[in-house]
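See structure below.
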Amino acid sequence: VWGGSYGLSPFKKNRFGQGPAWARSLFEDTAEYGLGMALASQQRRERLIEDVKELLQEAEDEGPGVVASPALTTLLSKWISHVDDAEKCNTLQPEIKRLLAEEANPDSAAQLQVVARGQDMLVPPSHWIIG
């Protein structure tokens, strides 16, 4: 199958380390395989949206800087308001990821750690299903 050979790949990452992820099914069920991957991504992204909303509510209840920094809560609030706009999410993502890397650790709030684990879904993935 073209595109899947290890060692010689026509795909390249951009300066942010992003690039195409390639996968295929071993069998002739690529449509079902692709649908499963798309549904899993959708479910993970919906979960991240709920997790961010919970974090923002927790931050509001606890007060500024207790659960997460004001800078991070501001960016996450902007992200929530533009969650369906991939370009705006892509613009916000680097700074959100930087702040999550600084703030999320084993001693930080549990909800902050949950959001940090799901940060790969900050930008909605694009699935091209051919089969």
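Residue names in the structure tokens use chain letters A, B, ... in the order shown, residue numbers from 1 in each chain, and ligand numbers from 1 in the order shown.
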
Could you give me, as a PyMOL selection string, each residue of chain A that DSSP assigns to alpha helix (DSSP H) when run on this structure's backbone?
-> chain A and resi 30-62+70-81+86-103+110-117

Selected residues, C-alpha atoms, written as an mmCIF file, in the first residue's frame, please.
data_model
loop_
_atom_site.group_PDB
_atom_site.id
_atom_site.type_symbol
_atom_site.label_atom_id
_atom_site.label_comp_id
_atom_site.auth_asym_id
_atom_site.auth_seq_id
_atom_site.Cartn_x
_atom_site.Cartn_y
_atom_site.Cartn_z
ATOM 1 C CA THR A 30 -11.439 0.751 5.247
ATOM 2 C CA ALA A 31 -14.755 2.605 5.354
ATOM 3 C CA GLU A 32 -15.679 1.048 8.701
ATOM 4 C CA TYR A 33 -12.156 1.529 10.002
ATOM 5 C CA GLY A 34 -12.150 5.193 8.988
ATOM 6 C CA LEU A 35 -15.599 5.750 10.478
ATOM 7 C CA GLY A 36 -14.432 4.242 13.759
ATOM 8 C CA MET A 37 -11.402 6.522 13.829
ATOM 9 C CA ALA A 38 -13.550 9.590 13.049
ATOM 10 C CA LEU A 39 -16.129 8.708 15.718
ATOM 11 C CA ALA A 40 -13.398 8.100 18.299
ATOM 12 C CA SER A 41 -11.855 11.506 17.561
ATOM 13 C CA GLN A 42 -15.262 13.172 17.780
ATOM 14 C CA GLN A 43 -15.950 11.523 21.132
ATOM 15 C CA ARG A 44 -12.526 12.487 22.510
ATOM 16 C CA ARG A 45 -12.974 16.107 21.401
ATOM 17 C CA GLU A 46 -16.452 16.307 22.947
ATOM 18 C CA ARG A 47 -14.954 14.934 26.167
ATOM 19 C CA LEU A 48 -12.214 17.600 26.102
ATOM 20 C CA ILE A 49 -14.829 20.333 25.636
ATOM 21 C CA GLU A 50 -16.701 19.072 28.702
ATOM 22 C CA ASP A 51 -13.449 18.774 30.674
ATOM 23 C CA VAL A 52 -12.472 22.366 29.831
ATOM 24 C CA LYS A 53 -15.924 23.609 30.843
ATOM 25 C CA GLU A 54 -15.582 21.768 34.172
ATOM 26 C CA LEU A 55 -12.111 23.257 34.699
ATOM 27 C CA LEU A 56 -13.380 26.764 33.978
ATOM 28 C CA GLN A 57 -16.274 26.294 36.399
ATOM 29 C CA GLU A 58 -13.916 24.949 39.047
ATOM 30 C CA ALA A 59 -11.573 27.912 38.498
ATOM 31 C CA GLU A 60 -14.487 30.333 38.863
ATOM 32 C CA ASP A 61 -15.678 28.629 42.062
ATOM 33 C CA GLU A 62 -12.222 28.464 43.676
ATOM 34 C CA PRO A 70 -5.664 33.526 34.974
ATOM 35 C CA ALA A 71 -3.777 33.469 31.652
ATOM 36 C CA LEU A 72 -4.705 29.820 31.057
ATOM 37 C CA THR A 73 -8.341 30.262 32.068
ATOM 38 C CA THR A 74 -8.623 33.277 29.755
ATOM 39 C CA LEU A 75 -7.211 31.319 26.811
ATOM 40 C CA LEU A 76 -9.424 28.307 27.544
ATOM 41 C CA SER A 77 -12.462 30.591 27.690
ATOM 42 C CA LYS A 78 -11.541 31.969 24.269
ATOM 43 C CA TRP A 79 -11.016 28.411 23.020
ATOM 44 C CA ILE A 80 -14.483 27.379 24.238
ATOM 45 C CA SER A 81 -16.067 30.328 22.456
ATOM 46 C CA ALA A 86 -10.431 25.102 13.496
ATOM 47 C CA GLU A 87 -8.323 28.091 12.438
ATOM 48 C CA LYS A 88 -8.938 29.994 15.677
ATOM 49 C CA CYS A 89 -8.342 26.823 17.709
ATOM 50 C CA ASN A 90 -5.089 26.323 15.825
ATOM 51 C CA THR A 91 -4.065 29.903 16.664
ATOM 52 C CA LEU A 92 -4.813 29.443 20.383
ATOM 53 C CA GLN A 93 -3.332 25.953 20.671
ATOM 54 C CA PRO A 94 0.422 26.729 21.020
ATOM 55 C CA GLU A 95 -0.017 29.102 23.948
ATOM 56 C CA ILE A 96 -2.563 26.831 25.670
ATOM 57 C CA LYS A 97 -0.191 23.875 25.310
ATOM 58 C CA ARG A 98 2.711 25.931 26.672
ATOM 59 C CA LEU A 99 0.720 26.967 29.741
ATOM 60 C CA LEU A 100 -0.569 23.436 30.288
ATOM 61 C CA ALA A 101 3.009 22.135 30.182
ATOM 62 C CA GLU A 102 4.000 24.699 32.828
ATOM 63 C CA GLU A 103 1.010 24.234 35.116
ATOM 64 C CA ALA A 110 -7.021 16.902 39.014
ATOM 65 C CA GLN A 111 -9.210 18.611 36.407
ATOM 66 C CA LEU A 112 -6.208 20.517 35.062
ATOM 67 C CA GLN A 113 -4.367 17.216 34.612
ATOM 68 C CA VAL A 114 -7.376 15.781 32.760
ATOM 69 C CA VAL A 115 -7.418 18.725 30.341
ATOM 70 C CA ALA A 116 -3.655 18.417 29.809
ATOM 71 C CA ARG A 117 -4.047 14.729 28.850
#

Take CA of Val67 (chain A) and CA of Ser108 (chain A) and report the distance between them in Å, one decimal.
->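 CA of Val67 (chain A) sits 7.4 Å away from CA of Ser108 (chain A).
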
Identify which of the residues A:Ala68, A:Asp85, A:Ile130, A:Ala104 lies closest to Asp29 (chain A), counting only C-alpha atoms when measuring atom-to-atom distances.
->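 Using only C-alpha atoms, the shortest distance to Asp29 (chain A) belongs to A:Ile130.
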
Grab the CA of Pro124 (chain A) to CA of Val83 (chain A) distance for me, in Å with one decimal place.
->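 A separation of 8.4 Å between them.
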
Pairwise distance, CA of Gly17 (chain A) with CA of Ala109 (chain A), equals 28.0 Å
